[in-house]
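Q: What follows is query.tsv; its format and atoms are TSV, N, CA and C atoms.
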chain	number	residue	atom	x	y	z
A	1	MET	N	1.36	14.94	-14.65
A	1	MET	CA	1.17	13.74	-13.85
A	1	MET	C	2.02	13.83	-12.59
A	2	LEU	N	1.44	13.44	-11.47
A	2	LEU	CA	2.18	13.42	-10.21
A	2	LEU	C	3.19	12.28	-10.22
A	3	GLU	N	4.24	12.49	-9.47
A	3	GLU	CA	5.24	11.43	-9.33
A	3	GLU	C	4.74	10.42	-8.32
A	4	GLY	N	4.96	9.17	-8.60
A	4	GLY	CA	4.63	8.15	-7.63
A	4	GLY	C	3.89	6.98	-8.22
A	5	HIS	N	4.45	5.80	-8.02
A	5	HIS	CA	3.82	4.55	-8.42
A	5	HIS	C	3.30	3.89	-7.15
A	6	ILE	N	2.00	3.77	-7.05
A	6	ILE	CA	1.35	3.23	-5.87
A	6	ILE	C	0.78	1.85	-6.17
A	7	LEU	N	1.09	0.91	-5.30
A	7	LEU	CA	0.51	-0.43	-5.39
A	7	LEU	C	-0.56	-0.54	-4.33
A	8	ILE	N	-1.77	-0.89	-4.76
A	8	ILE	CA	-2.88	-1.11	-3.84
A	8	ILE	C	-3.09	-2.61	-3.71
A	9	ALA	N	-2.98	-3.12	-2.48
A	9	ALA	CA	-3.25	-4.54	-2.20
A	9	ALA	C	-4.54	-4.59	-1.37
A	10	GLU	N	-5.58	-5.12	-1.97
A	10	GLU	CA	-6.91	-5.11	-1.35
A	10	GLU	C	-7.71	-6.27	-1.94
A	11	ASP	N	-8.33	-7.08	-1.07
A	11	ASP	CA	-9.08	-8.24	-1.57
A	11	ASP	C	-10.55	-7.96	-1.86
A	12	GLU	N	-11.03	-6.79	-1.52
A	12	GLU	CA	-12.42	-6.43	-1.85
A	12	GLU	C	-12.44	-5.64	-3.15
A	13	GLU	N	-13.01	-6.25	-4.17
A	13	GLU	CA	-12.97	-5.70	-5.53
A	13	GLU	C	-13.49	-4.27	-5.61
A	14	ASN	N	-14.60	-3.97	-4.96
A	14	ASN	CA	-15.17	-2.62	-5.04
A	14	ASN	C	-14.24	-1.57	-4.44
A	15	ILE	N	-13.64	-1.89	-3.32
A	15	ILE	CA	-12.70	-0.96	-2.68
A	15	ILE	C	-11.48	-0.77	-3.57
A	16	LEU	N	-10.97	-1.86	-4.10
A	16	LEU	CA	-9.81	-1.80	-5.00
A	16	LEU	C	-10.08	-0.90	-6.20
A	17	ARG	N	-11.24	-1.06	-6.80
A	17	ARG	CA	-11.61	-0.27	-7.98
A	17	ARG	C	-11.75	1.22	-7.64
A	18	VAL	N	-12.40	1.53	-6.53
A	18	VAL	CA	-12.60	2.93	-6.14
A	18	VAL	C	-11.27	3.61	-5.81
A	19	LEU	N	-10.44	2.93	-5.04
A	19	LEU	CA	-9.14	3.51	-4.68
A	19	LEU	C	-8.27	3.73	-5.91
A	20	SER	N	-8.26	2.76	-6.79
A	20	SER	CA	-7.47	2.86	-8.01
A	20	SER	C	-7.93	4.06	-8.85
A	21	LEU	N	-9.22	4.20	-9.01
A	21	LEU	CA	-9.77	5.32	-9.78
A	21	LEU	C	-9.42	6.66	-9.12
A	22	LEU	N	-9.59	6.74	-7.83
A	22	LEU	CA	-9.29	7.97	-7.09
A	22	LEU	C	-7.84	8.39	-7.29
A	23	LEU	N	-6.91	7.45	-7.10
A	23	LEU	CA	-5.49	7.79	-7.20
A	23	LEU	C	-5.07	8.08	-8.63
A	24	ARG	N	-5.63	7.36	-9.59
A	24	ARG	CA	-5.32	7.65	-11.00
A	24	ARG	C	-5.82	9.04	-11.40
A	25	ARG	N	-6.99	9.39	-10.93
A	25	ARG	CA	-7.54	10.72	-11.23
A	25	ARG	C	-6.68	11.83	-10.64
A	26	ARG	N	-5.97	11.51	-9.56
A	26	ARG	CA	-5.05	12.48	-8.94
A	26	ARG	C	-3.70	12.49	-9.64
A	27	GLY	N	-3.53	11.62	-10.64
A	27	GLY	CA	-2.32	11.64	-11.44
A	27	GLY	C	-1.27	10.63	-11.08
A	28	TYR	N	-1.55	9.74	-10.15
A	28	TYR	CA	-0.58	8.73	-9.77
A	28	TYR	C	-0.63	7.53	-10.71
A	29	THR	N	0.49	6.85	-10.85
A	29	THR	CA	0.54	5.56	-11.52
A	29	THR	C	0.10	4.53	-10.48
A	30	VAL	N	-0.83	3.65	-10.86
A	30	VAL	CA	-1.40	2.70	-9.90
A	30	VAL	C	-1.32	1.28	-10.44
A	31	SER	N	-0.86	0.38	-9.59
A	31	SER	CA	-0.94	-1.06	-9.85
A	31	SER	C	-1.81	-1.65	-8.75
A	32	THR	N	-2.38	-2.82	-9.02
A	32	THR	CA	-3.27	-3.44	-8.04
A	32	THR	C	-2.92	-4.90	-7.83
A	33	ALA	N	-3.28	-5.38	-6.65
A	33	ALA	CA	-3.10	-6.80	-6.29
A	33	ALA	C	-4.26	-7.20	-5.40
A	34	ARG	N	-4.68	-8.45	-5.52
A	34	ARG	CA	-5.82	-8.95	-4.76
A	34	ARG	C	-5.43	-9.58	-3.43
A	35	ASP	N	-4.12	-9.78	-3.20
A	35	ASP	CA	-3.66	-10.34	-1.93
A	35	ASP	C	-2.18	-10.03	-1.77
A	36	GLY	N	-1.64	-10.40	-0.61
A	36	GLY	CA	-0.26	-10.11	-0.32
A	36	GLY	C	0.73	-10.79	-1.24
A	37	SER	N	0.45	-12.04	-1.60
A	37	SER	CA	1.36	-12.77	-2.49
A	37	SER	C	1.44	-12.12	-3.85
A	38	GLN	N	0.30	-11.73	-4.39
A	38	GLN	CA	0.29	-11.06	-5.68
A	38	GLN	C	0.99	-9.70	-5.58
A	39	ALA	N	0.79	-9.01	-4.47
A	39	ALA	CA	1.45	-7.71	-4.27
A	39	ALA	C	2.96	-7.87	-4.26
A	40	LEU	N	3.45	-8.90	-3.61
A	40	LEU	CA	4.88	-9.16	-3.56
A	40	LEU	C	5.43	-9.38	-4.98
A	41	GLU	N	4.71	-10.14	-5.78
A	41	GLU	CA	5.12	-10.36	-7.18
A	41	GLU	C	5.18	-9.05	-7.95
A	42	VAL	N	4.17	-8.20	-7.77
A	42	VAL	CA	4.14	-6.91	-8.48
A	42	VAL	C	5.34	-6.06	-8.07
A	43	ILE	N	5.64	-6.03	-6.78
A	43	ILE	CA	6.77	-5.22	-6.29
A	43	ILE	C	8.08	-5.72	-6.87
A	44	VAL	N	8.29	-7.03	-6.85
A	44	VAL	CA	9.53	-7.61	-7.39
A	44	VAL	C	9.64	-7.35	-8.89
A	45	ASP	N	8.56	-7.57	-9.63
A	45	ASP	CA	8.58	-7.33	-11.08
A	45	ASP	C	8.81	-5.86	-11.40
A	46	ALA	N	8.19	-4.98	-10.63
A	46	ALA	CA	8.33	-3.54	-10.88
A	46	ALA	C	9.76	-3.06	-10.61
A	47	ARG	N	10.44	-3.69	-9.67
A	47	ARG	CA	11.85	-3.34	-9.39
A	47	ARG	C	12.72	-3.60	-10.60
A	48	LYS	N	12.36	-4.58	-11.41
A	48	LYS	CA	13.14	-4.93	-12.60
A	48	LYS	C	12.84	-3.99	-13.77
A	49	SER	N	11.81	-3.17	-13.62
A	49	SER	CA	11.40	-2.25	-14.69
A	49	SER	C	11.91	-0.84	-14.40
A	50	ASP	N	11.50	0.07	-15.24
A	50	ASP	CA	11.87	1.47	-15.03
A	50	ASP	C	10.85	2.20	-14.14
A	51	ARG	N	9.89	1.47	-13.58
A	51	ARG	CA	8.84	2.09	-12.75
A	51	ARG	C	8.62	1.29	-11.48
A	52	PRO	N	9.59	1.30	-10.52
A	52	PRO	CA	9.40	0.56	-9.27
A	52	PRO	C	8.26	1.16	-8.43
A	53	VAL	N	7.74	0.36	-7.54
A	53	VAL	CA	6.68	0.81	-6.64
A	53	VAL	C	7.28	1.77	-5.62
A	54	ASP	N	6.63	2.92	-5.44
A	54	ASP	CA	7.09	3.94	-4.50
A	54	ASP	C	6.34	3.89	-3.18
A	55	LEU	N	5.14	3.30	-3.18
A	55	LEU	CA	4.30	3.28	-1.99
A	55	LEU	C	3.38	2.07	-2.05
A	56	LEU	N	3.27	1.38	-0.92
A	56	LEU	CA	2.34	0.26	-0.79
A	56	LEU	C	1.15	0.71	0.05
A	57	LEU	N	-0.03	0.64	-0.53
A	57	LEU	CA	-1.29	0.91	0.17
A	57	LEU	C	-1.97	-0.45	0.31
A	58	THR	N	-1.99	-0.99	1.52
A	58	THR	CA	-2.47	-2.36	1.68
A	58	THR	C	-3.49	-2.50	2.80
A	59	ASP	N	-4.45	-3.36	2.54
A	59	ASP	CA	-5.37	-3.77	3.59
A	59	ASP	C	-4.59	-4.63	4.57
A	60	VAL	N	-4.98	-4.60	5.82
A	60	VAL	CA	-4.32	-5.45	6.82
A	60	VAL	C	-4.82	-6.88	6.68
A	61	GLN	N	-6.13	-7.06	6.66
A	61	GLN	CA	-6.73	-8.40	6.62
A	61	GLN	C	-7.08	-8.76	5.19
A	62	MET	N	-6.37	-9.75	4.65
A	62	MET	CA	-6.65	-10.26	3.30
A	62	MET	C	-6.54	-11.77	3.35
A	63	GLU	N	-7.22	-12.44	2.43
A	63	GLU	CA	-7.08	-13.90	2.29
A	63	GLU	C	-5.64	-14.21	1.96
A	64	GLY	N	-5.15	-15.33	2.43
A	64	GLY	CA	-3.77	-15.70	2.14
A	64	GLY	C	-2.81	-14.85	2.94
A	65	MET	N	-1.86	-14.22	2.27
A	65	MET	CA	-0.87	-13.38	2.93
A	65	MET	C	-1.49	-12.04	3.34
A	66	THR	N	-1.44	-11.72	4.63
A	66	THR	CA	-2.00	-10.45	5.12
A	66	THR	C	-1.06	-9.29	4.80
A	67	GLY	N	-1.54	-8.09	5.05
A	67	GLY	CA	-0.71	-6.91	4.86
A	67	GLY	C	0.52	-6.93	5.75
A	68	PHE	N	0.37	-7.36	7.00
A	68	PHE	CA	1.51	-7.45	7.91
A	68	PHE	C	2.52	-8.48	7.42
A	69	GLU	N	2.03	-9.63	6.97
A	69	GLU	CA	2.93	-10.67	6.46
A	69	GLU	C	3.66	-10.19	5.21
A	70	LEU	N	2.99	-9.41	4.39
A	70	LEU	CA	3.61	-8.83	3.20
A	70	LEU	C	4.78	-7.94	3.59
A	71	VAL	N	4.61	-7.12	4.59
A	71	VAL	CA	5.68	-6.23	5.03
A	71	VAL	C	6.85	-7.03	5.61
A	72	VAL	N	6.57	-8.12	6.30
A	72	VAL	CA	7.64	-8.99	6.79
A	72	VAL	C	8.46	-9.53	5.62
A	73	GLU	N	7.78	-9.95	4.56
A	73	GLU	CA	8.48	-10.44	3.37
A	73	GLU	C	9.31	-9.34	2.72
A	74	LEU	N	8.78	-8.13	2.67
A	74	LEU	CA	9.53	-7.00	2.11
A	74	LEU	C	10.77	-6.73	2.94
A	75	ASP	N	10.64	-6.83	4.26
A	75	ASP	CA	11.79	-6.64	5.15
A	75	ASP	C	12.88	-7.68	4.86
A	76	LYS	N	12.48	-8.93	4.65
A	76	LYS	CA	13.45	-9.99	4.35
A	76	LYS	C	14.23	-9.67	3.07
A	77	MET	N	13.57	-8.97	2.15
A	77	MET	CA	14.20	-8.60	0.88
A	77	MET	C	14.88	-7.23	0.95
A	78	GLU	N	14.82	-6.64	2.16
A	78	GLU	CA	15.40	-5.31	2.40
A	78	GLU	C	14.79	-4.24	1.50
A	79	LEU	N	13.49	-4.34	1.30
A	79	LEU	CA	12.73	-3.35	0.53
A	79	LEU	C	11.96	-2.49	1.51
A	80	LEU	N	12.43	-1.30	1.76
A	80	LEU	CA	11.85	-0.44	2.79
A	80	LEU	C	10.91	0.62	2.21
A	81	LEU	N	10.10	0.26	1.25
A	81	LEU	CA	9.20	1.25	0.70
A	81	LEU	C	8.15	1.64	1.72
A	82	PRO	N	7.66	2.88	1.64
A	82	PRO	CA	6.64	3.35	2.59
A	82	PRO	C	5.36	2.51	2.48
A	83	VAL	N	4.66	2.39	3.62
A	83	VAL	CA	3.44	1.57	3.67
A	83	VAL	C	2.33	2.35	4.35
A	84	LEU	N	1.17	2.34	3.72
A	84	LEU	CA	-0.07	2.81	4.35
A	84	LEU	C	-0.96	1.59	4.52
A	85	PHE	N	-1.26	1.27	5.78
A	85	PHE	CA	-2.16	0.16	6.08
A	85	PHE	C	-3.58	0.67	6.21
A	86	MET	N	-4.50	-0.01	5.54
A	86	MET	CA	-5.92	0.28	5.69
A	86	MET	C	-6.48	-0.75	6.66
A	87	THR	N	-7.18	-0.29	7.67
A	87	THR	CA	-7.69	-1.21	8.68
A	87	THR	C	-9.06	-0.77	9.19
A	88	GLY	N	-9.84	-1.74	9.55
A	88	GLY	CA	-11.12	-1.47	10.18
A	88	GLY	C	-11.02	-1.54	11.69
A	89	PHE	N	-9.82	-1.86	12.18
A	89	PHE	CA	-9.64	-2.07	13.61
A	89	PHE	C	-8.44	-1.30	14.12
A	90	ALA	N	-8.67	-0.31	14.95
A	90	ALA	CA	-7.59	0.53	15.46
A	90	ALA	C	-6.55	-0.28	16.23
A	91	ARG	N	-6.96	-1.35	16.88
A	91	ARG	CA	-6.01	-2.13	17.69
A	91	ARG	C	-4.93	-2.79	16.84
A	92	GLU	N	-5.16	-2.97	15.56
A	92	GLU	CA	-4.16	-3.58	14.68
A	92	GLU	C	-2.92	-2.71	14.53
A	93	GLN	N	-3.04	-1.43	14.82
A	93	GLN	CA	-1.94	-0.51	14.61
A	93	GLN	C	-0.71	-0.84	15.44
A	94	ALA	N	-0.89	-1.49	16.56
A	94	ALA	CA	0.23	-1.81	17.43
A	94	ALA	C	0.94	-3.10	17.01
A	95	ALA	N	0.46	-3.76	15.99
A	95	ALA	CA	0.95	-5.09	15.66
A	95	ALA	C	2.05	-5.12	14.60
A	96	VAL	N	2.57	-3.98	14.21
A	96	VAL	CA	3.58	-3.96	13.15
A	96	VAL	C	4.85	-3.27	13.61
A	97	LYS	N	5.97	-3.85	13.24
A	97	LYS	CA	7.28	-3.28	13.52
A	97	LYS	C	7.58	-2.25	12.43
A	98	THR	N	8.03	-1.07	12.80
A	98	THR	CA	8.16	0.00	11.82
A	98	THR	C	9.58	0.54	11.68
A	99	GLU	N	10.57	-0.13	12.21
A	99	GLU	CA	11.93	0.36	12.14
A	99	GLU	C	12.38	0.58	10.70
A	100	GLY	N	12.88	1.79	10.41
A	100	GLY	CA	13.46	2.07	9.11
A	100	GLY	C	12.46	2.24	7.98
A	101	ARG	N	11.19	2.31	8.29
A	101	ARG	CA	10.17	2.38	7.24
A	101	ARG	C	9.10	3.40	7.64
A	102	PHE	N	8.62	4.16	6.67
A	102	PHE	CA	7.49	5.04	6.90
A	102	PHE	C	6.24	4.17	6.92
A	103	VAL	N	5.52	4.18	8.03
A	103	VAL	CA	4.29	3.40	8.17
A	103	VAL	C	3.22	4.29	8.78
A	104	ARG	N	2.05	4.28	8.18
A	104	ARG	CA	0.89	4.96	8.74
A	104	ARG	C	-0.31	4.05	8.57
A	105	PHE	N	-1.31	4.29	9.40
A	105	PHE	CA	-2.56	3.55	9.33
A	105	PHE	C	-3.68	4.52	9.00
A	106	ILE	N	-4.62	4.04	8.20
A	106	ILE	CA	-5.82	4.81	7.94
A	106	ILE	C	-6.99	3.87	8.22
A	107	GLU	N	-7.86	4.33	9.11
A	107	GLU	CA	-8.96	3.48	9.56
A	107	GLU	C	-10.15	3.60	8.61
A	108	LYS	N	-10.68	2.45	8.20
A	108	LYS	CA	-11.86	2.39	7.34
A	108	LYS	C	-13.10	2.66	8.17
A	109	PRO	N	-14.08	3.32	7.65
A	109	PRO	CA	-14.06	4.03	6.37
A	109	PRO	C	-13.30	5.35	6.50
A	110	PHE	N	-12.73	5.82	5.40
A	110	PHE	CA	-11.98	7.07	5.43
A	110	PHE	C	-12.40	7.95	4.27
A	111	LYS	N	-12.13	9.22	4.40
A	111	LYS	CA	-12.45	10.20	3.36
A	111	LYS	C	-11.32	10.25	2.34
A	112	ALA	N	-11.69	10.50	1.09
A	112	ALA	CA	-10.71	10.56	0.00
A	112	ALA	C	-9.61	11.58	0.30
A	113	GLU	N	-9.99	12.73	0.86
A	113	GLU	CA	-9.02	13.79	1.14
A	113	GLU	C	-7.97	13.32	2.14
A	114	ARG	N	-8.38	12.54	3.13
A	114	ARG	CA	-7.43	12.04	4.13
A	114	ARG	C	-6.46	11.05	3.49
A	115	LEU	N	-6.96	10.20	2.62
A	115	LEU	CA	-6.09	9.26	1.93
A	115	LEU	C	-5.07	10.01	1.07
A	116	ILE	N	-5.52	10.98	0.30
A	116	ILE	CA	-4.62	11.74	-0.57
A	116	ILE	C	-3.55	12.46	0.26
A	117	GLU	N	-3.94	12.99	1.39
A	117	GLU	CA	-2.99	13.65	2.29
A	117	GLU	C	-1.91	12.67	2.76
A	118	LEU	N	-2.32	11.49	3.19
A	118	LEU	CA	-1.37	10.48	3.66
A	118	LEU	C	-0.48	9.96	2.53
A	119	VAL	N	-1.04	9.78	1.35
A	119	VAL	CA	-0.26	9.35	0.19
A	119	VAL	C	0.82	10.39	-0.12
A	120	SER	N	0.43	11.64	-0.15
A	120	SER	CA	1.39	12.71	-0.43
A	120	SER	C	2.52	12.74	0.59
A	121	THR	N	2.17	12.61	1.85
A	121	THR	CA	3.18	12.59	2.92
A	121	THR	C	4.10	11.38	2.79
A	122	ALA	N	3.53	10.22	2.54
A	122	ALA	CA	4.32	8.99	2.42
A	122	ALA	C	5.30	9.06	1.27
A	123	LEU	N	4.87	9.63	0.16
A	123	LEU	CA	5.74	9.70	-1.01
A	123	LEU	C	6.90	10.67	-0.85
A	124	LYS	N	6.83	11.51	0.16
A	124	LYS	CA	7.93	12.44	0.44
A	124	LYS	C	9.01	11.78	1.28
A	125	HIS	N	8.76	10.60	1.81
A	125	HIS	CA	9.73	9.89	2.67
A	125	HIS	C	10.52	8.89	1.89
Take the structure in the file and give it back as structure tokens.
A:
Amino acid sequence: MLEGHILIAEDEENILRVLSLLLRRRGYTVSTARDGSQALEVIVDARKSDRPVDLLLTDVQMEGMTGFELVVELDKMELLLPVLFMTGFAREQAAVKTEGRFVRFIEKPFKAERLIELVSTALKH
């Protein structure tokens, strides 16, 4: 099994299911959340366990708390885990502060190989 606990925050059920399956098949431990608030809960709970989240893979636009707002909350808690933002809009890439954190964007739609490459790179940081 590969090292790495990945949290996927995505409000579209089909995308969430496909990404989860892809990453699990590659040997990663995967948790899922349907929005930013739920993702924050998963991250906090996982910190209390023996399997903290190593990487956040999040959609930018979600109902409720967005991916950007989620990262702001993580910053307030001084949790600098790496983040991969999934976006359908290239212009969103300029809207996030990245000091002290590994941040990359992957534009939808994307190929599985590109996602796996970015995940591997992010987990090395």
Q: Name the closest residue to A:Thr121 among the candidates A:His5, A:Lys76, A:Arg104, A:Arg34; distances are taken between atoms, counting only C-alpha atoms.
A: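 Between A:His5, A:Lys76, A:Arg104, A:Arg34, the residue approaching A:Thr121 most closely is A:Arg104.
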Q: Write out as an MDAnalysis selection string the set of residues from stretch 4-125 of chain A that DSSP, computed on the backbone, places in strand (DSSP E or B).
A: chainID A and resid 5:9 29:33 55:59 83:87 103:107
Q: For a quick check of your reading of the model, name the residues lying within 8 Å of the coordinate (2.6, 7.6, 0.3), counting only N, CA and C atoms, and write them as a ChimeraX atom specification.
A: /A:6,54-57,82-84,116-125
Q: Report, in Å to a single decimal, how far apart atom CA of A:Ala46 and atom CA of A:Gly88 are.
A: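 These two atoms are separated by 28.7 Å.
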Q: Counting only N, CA and C atoms, figure out which residue out of A:Glu113, A:Tyr28, A:Asp35, A:Arg17 gets nearest to A:Leu70.
A: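 For A:Leu70, the nearest of the candidates is A:Asp35.
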